[in-house]
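Visitor: Structure: input23.csv, CSV, C-alpha atoms and all ligand atoms.
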```csv
chain,number,residue,atom,x,y,z
K,1,MET,CA,117.9,88.3,90.1
K,2,THR,CA,114.5,86.9,89.3
K,3,LYS,CA,112.4,84.9,91.7
K,4,LEU,CA,110.8,81.9,90.0
K,5,ILE,CA,108.3,79.3,91.2
K,6,CYS,CA,108.3,75.8,89.6
K,7,SER,CA,104.8,74.6,88.9
K,8,LYS,CA,106.0,71.0,89.0
K,9,CYS,CA,107.7,70.8,92.3
K,10,MET,CA,106.4,74.1,93.7
K,11,LYS,CA,109.8,75.2,94.9
K,12,VAL,CA,110.8,78.9,94.7
K,13,HIS,CA,114.2,79.8,93.3
K,14,GLU,CA,116.2,83.0,92.8
K,15,THR,CA,118.1,82.9,89.6
K,16,THR,CA,119.6,85.2,87.0
K,17,HIS,CA,119.3,82.8,84.0
K,18,PRO,CA,116.0,80.9,84.2
K,19,THR,CA,116.4,77.8,82.2
K,20,THR,CA,115.3,74.7,84.1
K,21,CYS,CA,114.1,74.1,87.7
K,22,PRO,CA,117.3,73.6,89.9
K,23,THR,CA,115.3,71.1,92.1
K,24,CYS,CA,113.2,68.9,89.7
K,25,HIS,CA,114.8,70.0,86.4
K,26,ALA,CA,111.4,70.8,84.9
K,27,SER,CA,111.7,72.8,81.6
K,28,LYS,CA,111.4,76.5,81.3
K,29,GLU,CA,107.6,76.5,80.6
K,30,TYR,CA,107.0,75.2,84.1
K,31,LEU,CA,108.7,78.2,85.7
K,32,TYR,CA,106.6,81.3,86.6
K,33,ASN,CA,108.0,84.6,87.6
K,34,PHE,CA,107.0,84.8,91.3
K,35,LYS,CA,105.4,88.1,92.0
K,36,ASN,CA,102.6,86.9,94.3
K,37,SER,CA,100.3,87.8,91.5
K,38,ASP,CA,97.1,85.9,91.2
K,39,ALA,CA,97.7,84.9,87.6
K,40,PHE,CA,99.8,81.9,88.5
K,41,LEU,CA,97.4,80.8,91.2
K,42,LYS,CA,94.3,81.2,89.1
K,43,LYS,CA,95.9,79.0,86.3
K,44,GLU,CA,96.9,76.4,88.9
K,45,VAL,CA,93.4,76.4,90.4
K,46,SER,CA,91.7,75.4,87.2
K,47,ARG,CA,94.4,72.7,86.7
K,48,ILE,CA,93.8,71.3,90.1
K,49,ILE,CA,90.0,71.3,89.8
K,50,GLN,CA,90.3,69.3,86.6
K,51,GLU,CA,92.9,67.0,88.1
K,52,ARG,CA,90.6,66.3,91.1
K,53,LYS,CA,87.9,65.3,88.7
K,54,ASP,CA,90.2,63.1,86.6
K,55,LEU,CA,91.6,61.3,89.7
K,56,GLY,CA,88.2,60.7,91.2
K,57,LEU,CA,88.8,62.9,94.2
K,58,ASP,CA,85.7,65.0,93.6
K,59,GLY,CA,83.2,64.5,96.5
K,60,LEU,CA,85.7,62.4,98.4
K,61,VAL,CA,86.4,65.1,101.0
K,62,GLU,CA,83.5,66.8,102.7
K,63,GLY,CA,83.3,69.5,105.3
K,64,LEU,CA,85.4,70.2,108.4
K,65,ASP,CA,84.7,67.6,111.1
K,66,SER,CA,87.0,68.9,113.8
K,67,ILE,CA,90.3,70.6,114.6
K,68,ILE,CA,93.0,69.2,116.8
K,69,ILE,CA,94.9,71.6,119.1
K,70,ASN,CA,97.9,70.2,120.8
K,71,THR,CA,99.1,71.8,124.0
K,72,GLU,CA,101.8,71.3,126.7
K,73,PRO,CA,100.6,68.6,129.1
K,74,HIS,CA,100.1,71.0,132.0
K,75,LEU,CA,98.1,73.5,129.9
K,76,ARG,CA,95.6,71.1,128.3
K,77,VAL,CA,92.9,71.7,130.9
K,78,ALA,CA,93.6,75.4,130.9
K,79,ALA,CA,93.2,75.5,127.1
K,80,ALA,CA,89.9,73.7,127.2
K,81,THR,CA,88.7,75.9,130.1
K,82,ASP,CA,89.7,79.1,128.2
K,83,LEU,CA,87.6,78.0,125.2
K,84,ILE,CA,84.6,77.0,127.2
K,85,ARG,CA,84.6,80.4,128.8
K,86,SER,CA,85.1,82.4,125.6
K,87,THR,CA,83.0,80.5,123.0
K,88,GLY,CA,79.8,78.5,122.7
K,89,LEU,CA,81.7,75.2,122.9
K,90,SER,CA,80.9,72.8,125.7
K,91,PHE,CA,82.6,69.8,127.2
K,92,SER,CA,81.7,66.6,125.5
K,93,GLU,CA,84.1,63.8,126.5
K,94,ALA,CA,87.7,63.3,127.7
K,95,PHE,CA,89.8,60.2,127.4
K,96,GLU,CA,93.4,58.9,127.2
K,97,ASP,CA,95.0,56.2,125.1
K,98,ASP,CA,98.6,55.1,124.8
K,99,GLN,CA,99.6,58.3,123.0
K,100,PHE,CA,97.4,61.2,124.0
K,101,LYS,CA,95.1,62.7,126.7
K,102,THR,CA,92.2,64.4,124.8
K,103,ILE,CA,89.4,66.7,125.8
K,104,VAL,CA,86.6,67.1,123.2
K,105,LEU,CA,84.6,70.3,123.0
K,106,THR,CA,81.5,70.5,120.8
K,107,HIS,CA,78.8,72.9,119.6
K,108,PRO,CA,75.7,71.6,117.6
K,109,ASP,CA,76.5,73.9,114.6
K,110,SER,CA,80.2,73.7,114.6
K,111,ALA,CA,83.2,71.6,113.9
K,112,SER,CA,84.4,69.9,117.1
K,113,PHE,CA,87.6,70.9,119.0
K,114,LEU,CA,90.0,68.2,120.2
K,115,ILE,CA,92.3,69.6,122.8
K,116,ARG,CA,95.1,67.2,123.5
K,117,SER,CA,98.6,66.7,124.7
K,118,ARG,CA,101.1,63.9,124.1
K,119,LYS,CA,101.9,61.5,126.9
K,120,GLN,CA,105.4,60.6,126.1
K,121,ASN,CA,108.3,62.7,127.2
K,122,VAL,CA,108.3,65.9,125.2
K,123,GLN,CA,110.9,65.1,122.7
K,124,HIS,CA,111.5,65.8,119.1
K,125,GLU,CA,111.0,62.3,117.9
K,126,ASN,CA,107.6,62.0,119.5
K,127,ASN,CA,106.2,65.1,117.9
K,128,PRO,CA,106.2,65.5,114.1
K,129,PHE,CA,105.2,69.1,114.5
K,130,PHE,CA,108.1,70.0,116.9
K,131,GLU,CA,110.3,71.7,114.3
K,132,PHE,CA,107.4,74.0,113.3
K,133,ASN,CA,106.9,75.2,116.8
K,134,THR,CA,110.2,76.4,118.0
K,135,HIS,CA,110.6,80.1,117.2
K,136,PRO,CA,111.6,83.1,119.4
K,137,LYS,CA,108.1,83.7,120.9
K,138,SER,CA,106.8,80.1,120.8
K,139,GLN,CA,109.8,78.0,121.9
K,140,HIS,CA,108.7,78.1,125.6
K,141,VAL,CA,105.7,76.0,124.5
K,142,PRO,CA,107.3,73.7,121.9
K,143,ASN,CA,104.3,71.3,121.6
K,144,THR,CA,101.7,73.9,121.2
K,145,ARG,CA,99.9,74.4,117.9
K,146,LEU,CA,96.6,74.0,116.1
K,147,GLU,CA,98.0,70.9,114.3
K,148,THR,CA,95.2,69.2,112.3
K,149,PHE,CA,92.1,70.0,110.3
K,150,LEU,CA,90.1,66.9,110.1
K,151,PHE,CA,87.6,66.5,107.2
K,152,THR,CA,85.0,63.8,106.8
K,153,THR,CA,85.2,61.4,103.9
K,154,PRO,CA,82.7,58.9,102.6
K,155,ASN,CA,85.5,56.6,101.4
K,156,ILE,CA,88.8,56.9,103.2
K,157,LYS,CA,90.3,53.8,101.5
K,158,LYS,CA,89.8,55.3,98.0
K,159,TYR,CA,91.1,58.7,99.2
K,160,VAL,CA,94.3,57.3,100.6
K,161,GLN,CA,94.9,55.1,97.6
K,162,ILE,CA,94.6,58.1,95.2
K,163,GLN,CA,96.7,60.5,97.4
K,164,LYS,CA,99.5,57.9,98.0
K,165,LYS,CA,99.8,57.5,94.2
K,166,ARG,CA,100.2,61.3,94.0
K,167,GLY,CA,103.0,61.1,96.5
K,168,VAL,CA,101.2,62.4,99.6
K,169,ASN,CA,102.9,61.3,102.8
K,170,PHE,CA,100.8,60.3,105.8
K,171,LEU,CA,101.9,60.1,109.5
K,172,THR,CA,101.0,56.4,109.6
K,173,ASP,CA,101.5,53.7,106.9
K,174,ASP,CA,98.0,52.5,107.2
K,175,ILE,CA,94.6,53.9,107.9
K,176,ILE,CA,93.8,53.6,111.7
K,177,GLN,CA,90.7,51.4,111.8
K,178,ASP,CA,88.5,51.6,114.9
K,179,LYS,CA,85.0,50.7,115.9
K,180,ASN,CA,83.7,54.3,115.7
K,181,TYR,CA,85.7,55.6,112.7
K,182,SER,CA,88.6,55.1,110.3
K,183,PHE,CA,91.3,57.9,110.4
K,184,ILE,CA,94.5,59.0,108.8
K,185,GLN,CA,96.4,62.3,108.7
K,186,THR,CA,99.1,63.8,106.5
K,187,ILE,CA,102.6,64.7,107.7
K,188,PRO,CA,102.7,68.5,108.5
K,189,SER,CA,102.9,70.7,105.4
K,190,GLN,CA,106.3,72.2,104.8
K,191,TYR,CA,104.5,75.5,103.9
K,192,THR,CA,102.1,75.8,106.9
K,193,GLY,CA,103.0,73.2,109.5
K,194,ASN,CA,99.4,72.1,109.4
K,195,SER,CA,98.2,68.5,108.8
K,196,ILE,CA,95.1,67.5,107.0
K,197,GLY,CA,93.2,64.6,108.6
K,198,LEU,CA,90.5,62.4,107.1
K,199,ILE,CA,87.8,60.7,109.1
K,200,GLN,CA,85.2,58.2,108.0
K,201,TRP,CA,82.5,57.7,110.7
K,202,HIS,CA,81.0,54.2,111.1
K,203,LYS,CA,78.4,55.1,113.6
K,204,GLU,CA,75.8,57.9,113.9
K,205,ASN,CA,76.9,58.6,117.5
K,206,LYS,CA,80.2,60.3,117.0
K,207,SER,CA,82.7,59.6,119.8
K,208,TYR,CA,86.4,60.2,119.2
K,209,GLN,CA,87.3,57.5,121.8
K,210,SER,CA,89.1,54.5,120.4
K,211,SER,CA,88.8,50.9,121.5
K,212,ASN,CA,91.9,51.1,123.7
K,213,SER,CA,91.1,54.5,125.3
K,214,GLU,CA,89.9,55.1,128.8
K,215,LYS,CA,87.5,57.8,129.9
K,216,LEU,CA,89.0,60.7,131.9
K,217,HIS,CA,86.9,62.5,134.5
K,218,ILE,CA,87.6,66.2,134.1
K,219,PRO,CA,85.1,68.6,135.7
K,220,LEU,CA,84.7,71.2,133.0
K,221,GLU,CA,81.5,73.1,133.8
K,222,LYS,CA,80.4,75.7,131.3
K,223,PRO,CA,79.8,79.0,133.1
K,224,LYS,CA,76.1,80.0,133.1
K,225,LYS,CA,76.6,83.2,131.0
K,226,SER,CA,73.9,83.8,128.5
K,227,TYR,CA,76.2,85.8,126.1
K,228,LEU,CA,78.2,82.7,125.4
K,229,GLN,CA,75.1,81.3,123.6
K,230,ASN,CA,75.6,84.1,121.0
K,231,ILE,CA,78.9,82.6,120.0
K,232,LYS,CA,78.2,79.9,117.4
K,233,GLN,CA,80.2,77.9,114.8
K,234,LEU,CA,83.8,78.1,113.7
K,235,ASP,CA,83.5,80.4,110.7
K,236,HIS,CA,87.1,80.3,109.5
K,237,THR,CA,90.7,80.0,110.7
K,238,ALA,CA,93.6,82.0,109.3
K,239,THR,CA,97.0,80.4,108.8
K,240,ARG,CA,100.0,82.6,108.4
K,241,VAL,CA,102.4,81.5,105.6
K,242,ARG,CA,105.6,82.9,104.2
K,243,ALA,CA,105.3,85.3,101.2
K,244,THR,CA,107.1,82.8,99.0
K,245,ASP,CA,104.9,79.9,100.0
K,246,ARG,CA,101.4,81.5,99.5
K,247,ASP,CA,100.7,79.9,96.2
K,248,ALA,CA,102.2,76.5,97.1
K,249,ALA,CA,100.2,76.4,100.4
K,250,ILE,CA,96.9,77.1,98.8
K,251,ILE,CA,97.5,74.7,95.9
K,252,GLU,CA,98.6,71.9,98.3
K,253,PHE,CA,95.4,72.5,100.4
K,254,MET,CA,93.2,72.3,97.3
K,255,GLU,CA,94.9,69.1,96.2
K,256,LEU,CA,94.2,67.5,99.6
K,257,THR,CA,90.6,68.7,99.9
K,258,ASN,CA,87.6,69.7,97.7
K,259,TYR,CA,88.1,73.4,98.5
K,260,TYR,CA,88.7,76.1,95.9
K,261,PHE,CA,90.5,79.4,96.0
K,262,ASP,CA,87.9,82.2,96.2
K,263,PHE,CA,89.7,85.5,96.4
K,264,ALA,CA,92.6,87.5,97.9
K,265,ILE,CA,92.6,90.9,99.6
K,266,TYR,CA,95.9,92.9,99.3
K,267,VAL,CA,96.8,95.2,102.2
K,268,LYS,CA,99.8,97.1,100.6
K,269,LEU,CA,100.3,99.3,103.7
K,270,PHE,CA,101.2,96.2,105.8
K,271,ASN,CA,102.7,94.0,103.1
K,272,SER,CA,100.0,91.4,103.6
K,273,ILE,CA,97.6,89.3,101.5
K,274,THR,CA,94.6,87.6,103.0
K,275,ASN,CA,93.6,84.6,100.8
K,276,VAL,CA,90.3,82.8,101.2
K,277,ALA,CA,89.6,79.1,100.2
K,278,ARG,CA,86.1,77.8,100.4
K,279,LEU,CA,84.0,74.6,100.0
K,280,SER,CA,80.7,76.4,99.8
K,281,ALA,CA,79.2,79.7,101.1
K,282,ASP,CA,77.9,77.9,104.2
K,283,ASP,CA,81.0,75.9,105.1
K,284,PHE,CA,84.0,76.6,107.3
K,285,ALA,CA,86.5,78.7,105.2
K,286,MET,CA,90.2,78.2,105.2
K,287,VAL,CA,92.1,81.6,105.1
K,288,PHE,CA,95.8,81.9,104.4
K,289,THR,CA,97.5,85.2,105.3
K,290,SER,CA,100.9,85.8,103.7
K,291,GLY,CA,103.4,88.6,103.5
K,292,VAL,CA,104.2,90.2,100.1
K,293,VAL,CA,108.0,89.9,100.6
K,294,PRO,CA,110.1,87.8,103.0
K,295,TYR,CA,110.9,89.0,106.6
K,296,LYS,CA,113.7,91.6,106.7
K,297,ASN,CA,113.7,93.0,110.2
K,298,ASP,CA,111.2,94.3,112.8
K,299,GLU,CA,111.5,97.9,111.6
K,300,GLU,CA,110.8,97.3,107.9
K,301,SER,CA,108.6,94.1,107.9
K,302,GLY,CA,104.9,94.0,108.2
K,303,PRO,CA,102.9,92.3,111.0
K,304,THR,CA,102.3,89.1,109.0
K,305,GLU,CA,106.0,88.6,108.3
K,306,LYS,CA,107.0,89.5,111.8
K,307,PHE,CA,104.5,87.0,113.2
K,308,ILE,CA,106.0,84.2,111.2
K,309,HIS,CA,109.5,85.3,112.3
K,310,ASN,CA,108.4,85.2,116.0
K,311,TYR,CA,106.0,82.2,116.0
K,312,GLY,CA,106.6,80.3,112.8
K,313,THR,CA,104.0,79.4,110.2
K,314,ARG,CA,100.8,78.4,112.1
K,315,VAL,CA,97.2,79.2,112.5
K,316,HIS,CA,97.0,82.7,113.9
K,317,HIS,CA,93.3,82.9,114.8
K,318,MET,CA,90.0,81.0,115.0
K,319,ALA,CA,86.9,83.0,114.0
K,320,PHE,CA,83.6,82.3,115.6
K,321,HIS,CA,80.3,83.4,114.1
K,322,THR,CA,78.7,85.7,116.8
K,323,GLU,CA,75.1,87.0,117.2
K,324,ASN,CA,74.5,90.3,119.1
K,325,ILE,CA,78.2,91.0,118.6
K,326,GLU,CA,78.2,94.4,120.4
K,327,GLU,CA,76.7,93.0,123.6
K,328,THR,CA,78.8,89.9,123.4
K,329,PHE,CA,81.9,91.9,122.9
K,330,SER,CA,81.2,94.1,125.9
K,331,GLN,CA,80.2,91.1,128.1
K,332,LEU,CA,83.4,89.3,127.2
K,333,LYS,CA,85.4,92.4,128.1
K,334,GLN,CA,83.6,92.7,131.5
K,335,ASN,CA,84.5,89.1,132.1
K,336,GLN,CA,88.2,89.7,131.8
K,337,MET,CA,88.7,88.8,128.1
K,338,GLU,CA,91.5,91.0,126.7
K,339,PHE,CA,91.4,92.3,123.1
K,340,LEU,CA,94.0,93.4,120.5
K,341,ILE,CA,91.5,95.9,119.0
K,342,GLY,CA,87.9,97.1,119.5
K,343,LEU,CA,85.0,96.0,117.2
K,344,VAL,CA,85.9,97.1,113.6
K,345,GLY,CA,83.4,97.5,110.8
K,346,SER,CA,79.7,98.5,110.9
K,347,GLU,CA,76.3,97.3,109.9
K,348,LYS,CA,76.5,99.5,106.9
K,349,ASP,CA,79.7,97.8,105.8
K,350,GLY,CA,78.1,94.5,106.3
K,351,LEU,CA,80.3,93.0,109.0
K,352,LYS,CA,81.8,93.6,112.4
K,353,GLN,CA,84.9,91.7,113.8
K,354,THR,CA,87.4,91.8,116.6
K,355,PHE,CA,90.5,89.9,117.8
K,356,THR,CA,91.3,88.8,121.4
K,357,LYS,CA,94.8,88.7,122.7
K,358,PRO,CA,96.3,85.2,122.1
K,359,SER,CA,95.6,82.5,124.7
K,360,PRO,CA,98.8,81.7,126.7
K,361,SER,CA,97.7,78.0,126.6
K,362,THR,CA,97.4,77.7,122.8
K,363,LEU,CA,98.9,80.9,121.3
K,364,LEU,CA,95.7,81.2,119.4
K,365,VAL,CA,93.7,84.4,119.0
K,366,ASN,CA,89.8,84.3,119.0
K,367,GLU,CA,88.1,86.3,116.3
K,368,TYR,CA,84.4,87.1,116.8
K,369,ILE,CA,82.6,87.9,113.5
K,370,HIS,CA,79.1,89.0,112.5
K,371,ARG,CA,77.9,89.5,108.9
K,372,TYR,CA,74.8,91.6,108.6
K,373,GLY,CA,71.7,90.8,106.5
K,374,ASP,CA,72.5,90.0,102.9
K,375,PHE,CA,76.2,90.9,103.0
K,376,ASP,CA,77.7,88.5,100.5
K,377,GLY,CA,81.3,89.6,100.6
K,378,PHE,CA,83.3,87.4,103.0
K,379,PHE,CA,85.5,90.3,104.3
K,380,THR,CA,85.9,94.0,103.7
K,381,LYS,CA,89.3,95.5,102.9
K,382,ASN,CA,89.0,98.1,105.6
K,383,ASN,CA,88.4,95.5,108.3
K,384,VAL,CA,91.2,93.3,107.1
K,385,THR,CA,93.5,96.3,107.2
K,386,GLN,CA,92.6,97.3,110.8
K,387,LEU,CA,92.8,93.7,112.0
K,388,THR,CA,96.1,93.1,110.4
K,389,GLU,CA,97.5,96.2,112.0
K,390,ALA,CA,96.3,95.0,115.4
K,391,THR,CA,98.3,91.9,115.2
K,392,ASP,CA,101.5,93.9,115.1
K,393,LYS,CA,101.1,94.1,119.0
K,394,GLN,CA,101.8,90.4,119.3
Q,401,FE,FE,89.7,86.2,110.4
```
Just give me the structure as structure tokens.
Guide:
Amino acid sequence: MTKLICSKCMKVHETTHPTTCPTCHASKEYLYNFKNSDAFLKKEVSRIIQERKDLGLDGLVEGLDSIIINTEPHLRVAAATDLIRSTGLSFSEAFEDDQFKTIVLTHPDSASFLIRSRKQNVQHENNPFFEFNTHPKSQHVPNTRLETFLFTTPNIKKYVQIQKKRGVNFLTDDIIQDKNYSFIQTIPSQYTGNSIGLIQWHKENKSYQSSNSEKLHIPLEKPKKSYLQNIKQLDHTATRVRATDRDAAIIEFMELTNYYFDFAIYVKLFNSITNVARLSADDFAMVFTSGVVPYKNDEESGPTEKFIHNYGTRVHHMAFHTENIEETFSQLKQNQMEFLIGLVGSEKDGLKQTFTKPSPSTLLVNEYIHRYGDFDGFFTKNNVTQLTEATDKQ
């Protein structure tokens, strides 16, 4: 039995006689032997970069504006409070419209965080992400997920026109036009459960409130703890995807943004691959962590495959750039933050990192990361190995 990926429809098939794609009937030359090798991905990456140019997508998607974390209604304030107490983020505004109650947290150097919950009864038809959320260890919070990565665009109309022609599906038929911004988002990806949103700002003063929203008064005071000032911008997030979907997830993300695939780190011991997509060295990085083979059982499978079995595909952690990381780590611990692992890495290696236990309100882990001096590698293999191992405790 050979596992093949079709480069036309991106479906993976197991077959004994590879002739044509069973899904889209593409001919044999579209079928690649799926071994999670980087050869297929690298070939696709250059194709996509050319295609983006040809279609006029280059420069149409800029950096990360914000992320949207949806929670259960009763956990929305708790989720925002947790973040205010464990990062450099501060309360900016809160409002409700006909669909959502939203709390916005900001930091001057970082993408913003929209913490929200849906107002309608929690039912499948009201939440397009529902099916991605209900797994053995996540079904008790079926509306909880980091749902959307929102990128700025200088021309949302052109973007939507091009992407619709390519067959991309959006959650709304039309762009949502408001006084402060125009906005649209894709349906959740079948590979990640994440949505990509686009926002075009009309005003310098960025408020996420819409014309029909009302201000909410939520007293969210930031604790006066100086170590929180050491925690700066969102450096990267890591989304966990199935072994068979790694290439498709990265390719899809590249087709929807102006990001490129940078490199992958293989951790054979734990059957895990950490893949990094970037826009530039200074921008937020999108990390995809995948298994090497599909989940078998808890005894034989690695932490990444087990996580997906228990929680589904989703963002596993949000990493924050942190100054004075030793002191910040010890202060966080003294203030009741619980960690999956101590600080890993060293100044000599070029970076130090650690993982908190997941927040019960969002299921998300915080990573604190510091890169020393002129360290130009994004990660080190040793740190990735230790951090991957630590997530086995989830
Ligand atoms: Fe990370």
Visitor: With all atoms listed in the file as the basis for distance, which of K:Phe91, K:Phe284, K:Phe113, K:Tyr372 is at the shortest distance from ligand FE 401 (chain Q)?
Guide: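 For ligand FE 401 (chain Q), the nearest of the given residues is K:Phe284.
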Visitor: Which protein, DNA or RNA residues have an atom within 12 Å of ligand FE 401 (chain Q), counting all atoms listed in the file, as JSON, numbers by chain?
Guide: {"K": [234, 235, 236, 237, 238, 239, 240, 274, 275, 276, 284, 285, 286, 287, 288, 289, 315, 316, 317, 318, 319, 320, 321, 344, 351, 352, 353, 354, 355, 356, 364, 365, 366, 367, 368, 369, 370, 378, 379, 380, 381, 383, 384, 385, 386, 387, 388, 391]}
Visitor: Find the residues around Pro223 in chain K up to 10 Å (only C-alpha atoms counted), leave out those fewer than 6 positions away in its own chain, and share them as an NGL selection string.
Guide: :K and (81 or 84-86 or 90)
Visitor: Calculate how many Å separate CA of Ile184 in chain K from CA of Pro142 in chain K, rounding to one decimal.
Guide: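 For CA of Ile184 in chain K relative to CA of Pro142 in chain K, the distance reads 23.5 Å.
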Visitor: To one decimal place in Å, what is the distance between CA of Ile69 in chain K and CA of Pro188 in chain K?
Guide: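 Value for the CA of Ile69 in chain K-CA of Pro188 in chain K distance: 13.5 Å.
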Visitor: Find the distance between CA of Thr15 in chain K and CA of Ser290 in chain K and write it in Å to one decimal.
Guide: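 Separating CA of Thr15 in chain K from CA of Ser290 in chain K is a distance of 22.4 Å.
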Visitor: I need the residue nearest Gly88 in chain K from this list: K:Asn180, K:Asn127, K:Thr362, K:Gln229. Use all atoms listed in the file for the distance.
Guide: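 Looking at the shortest contact to Gly88 in chain K, the residue is K:Gln229.
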Visitor: Please provide the set of residues having any atom within 9 Å of Cys21 in chain K, restricted to all atoms listed in the file, with same-chain residues fewer than 2 positions apart removed, written as a list in words.
Guide: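 Those residues are Leu4, Ile5, Cys6, Lys8, Cys9, Lys11, His13, Pro18, Thr19, Thr23, Cys24, His25, Ala26, Ser27, Lys28, Tyr30 and Leu31 of chain K.
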Visitor: Counting all atoms listed in the file, select every polymer residue within 8 Å of (107.1, 83.6, 121.9) as defined in the file's coordinates, and provide the selection as a PDB file with C-alpha atoms, in the frame of the given file.
Guide:
```pdb
ATOM      1  CA  HIS K 135     110.600  80.100 117.200  1.00  0.00           C
ATOM      2  CA  PRO K 136     111.600  83.100 119.400  1.00  0.00           C
ATOM      3  CA  LYS K 137     108.100  83.700 120.900  1.00  0.00           C
ATOM      4  CA  SER K 138     106.800  80.100 120.800  1.00  0.00           C
ATOM      5  CA  GLN K 139     109.800  78.000 121.900  1.00  0.00           C
ATOM      6  CA  HIS K 140     108.700  78.100 125.600  1.00  0.00           C
ATOM      7  CA  ASN K 310     108.400  85.200 116.000  1.00  0.00           C
ATOM      8  CA  TYR K 311     106.000  82.200 116.000  1.00  0.00           C
TER       9      TYR K 311
END
```
Visitor: Choose the residue, out of K:Tyr259, K:Phe375, K:Gln336, K:Glu327, that has the smallest atom-to-atom separation from Gly350 in chain K; count only C-alpha atoms.
Guide: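 Answer, going by the shortest atom-to-atom distance: K:Phe375.
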Visitor: Determine, counting all atoms listed in the file, which protein, DNA and RNA residues have an atom within 10 Å of an atom of Tyr227 in chain K; residues of the same chain fewer than 5 positions away are not included. Present the result as a PyMOL selection string.
Guide: chain K and resi 86-88+322-325+327-332
Visitor: Missing atoms in range 302-316 of chain K should be modelled up to N, CA and C atoms and reported as a PDB file, in the frame of the given file.
Guide:
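Resulting contents of part.pdb:
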```
ATOM      1  N   GLY K 302     106.253  93.870 107.805  1.00  0.00           N
ATOM      2  CA  GLY K 302     104.900  94.000 108.200  1.00  0.00           C
ATOM      3  C   GLY K 302     104.490  93.012 109.307  1.00  0.00           C
ATOM      4  N   PRO K 303     103.283  93.169 109.924  1.00  0.00           N
ATOM      5  CA  PRO K 303     102.900  92.300 111.000  1.00  0.00           C
ATOM      6  C   PRO K 303     102.810  90.819 110.656  1.00  0.00           C
ATOM      7  N   THR K 304     102.435  90.483 109.422  1.00  0.00           N
ATOM      8  CA  THR K 304     102.300  89.100 109.000  1.00  0.00           C
ATOM      9  C   THR K 304     103.722  88.439 108.977  1.00  0.00           C
ATOM     10  N   GLU K 305     104.660  89.160 108.355  1.00  0.00           N
ATOM     11  CA  GLU K 305     106.000  88.600 108.300  1.00  0.00           C
ATOM     12  C   GLU K 305     106.687  88.547 109.632  1.00  0.00           C
ATOM     13  N   LYS K 306     106.407  89.531 110.484  1.00  0.00           N
ATOM     14  CA  LYS K 306     107.000  89.500 111.800  1.00  0.00           C
ATOM     15  C   LYS K 306     106.407  88.360 112.655  1.00  0.00           C
ATOM     16  N   PHE K 307     105.108  88.118 112.485  1.00  0.00           N
ATOM     17  CA  PHE K 307     104.500  87.000 113.200  1.00  0.00           C
ATOM     18  C   PHE K 307     105.156  85.697 112.883  1.00  0.00           C
ATOM     19  N   ILE K 308     105.393  85.476 111.597  1.00  0.00           N
ATOM     20  CA  ILE K 308     106.000  84.200 111.200  1.00  0.00           C
ATOM     21  C   ILE K 308     107.444  84.117 111.723  1.00  0.00           C
ATOM     22  N   HIS K 309     108.145  85.248 111.730  1.00  0.00           N
ATOM     23  CA  HIS K 309     109.500  85.300 112.300  1.00  0.00           C
ATOM     24  C   HIS K 309     109.451  84.858 113.778  1.00  0.00           C
ATOM     25  N   ASN K 310     108.464  85.380 114.516  1.00  0.00           N
ATOM     26  CA  ASN K 310     108.400  85.200 116.000  1.00  0.00           C
ATOM     27  C   ASN K 310     107.749  83.837 116.375  1.00  0.00           C
ATOM     28  N   TYR K 311     106.756  83.390 115.590  1.00  0.00           N
ATOM     29  CA  TYR K 311     106.000  82.200 116.000  1.00  0.00           C
ATOM     30  C   TYR K 311     106.028  81.064 114.987  1.00  0.00           C
ATOM     31  N   GLY K 312     106.649  81.289 113.833  1.00  0.00           N
ATOM     32  CA  GLY K 312     106.600  80.300 112.800  1.00  0.00           C
ATOM     33  C   GLY K 312     105.334  80.337 112.000  1.00  0.00           C
ATOM     34  N   THR K 313     105.255  79.511 110.946  1.00  0.00           N
ATOM     35  CA  THR K 313     104.000  79.400 110.200  1.00  0.00           C
ATOM     36  C   THR K 313     103.023  78.639 111.061  1.00  0.00           C
ATOM     37  N   ARG K 314     101.838  79.129 111.220  1.00  0.00           N
ATOM     38  CA  ARG K 314     100.800  78.400 112.100  1.00  0.00           C
ATOM     39  C   ARG K 314      99.510  79.157 111.932  1.00  0.00           C
ATOM     40  N   VAL K 315      98.473  78.518 112.490  1.00  0.00           N
ATOM     41  CA  VAL K 315      97.200  79.200 112.500  1.00  0.00           C
ATOM     42  C   VAL K 315      97.286  80.341 113.523  1.00  0.00           C
ATOM     43  N   HIS K 316      96.912  81.521 113.053  1.00  0.00           N
ATOM     44  CA  HIS K 316      97.000  82.700 113.900  1.00  0.00           C
ATOM     45  C   HIS K 316      95.684  82.884 114.699  1.00  0.00           C
TER      46      HIS K 316
END
```
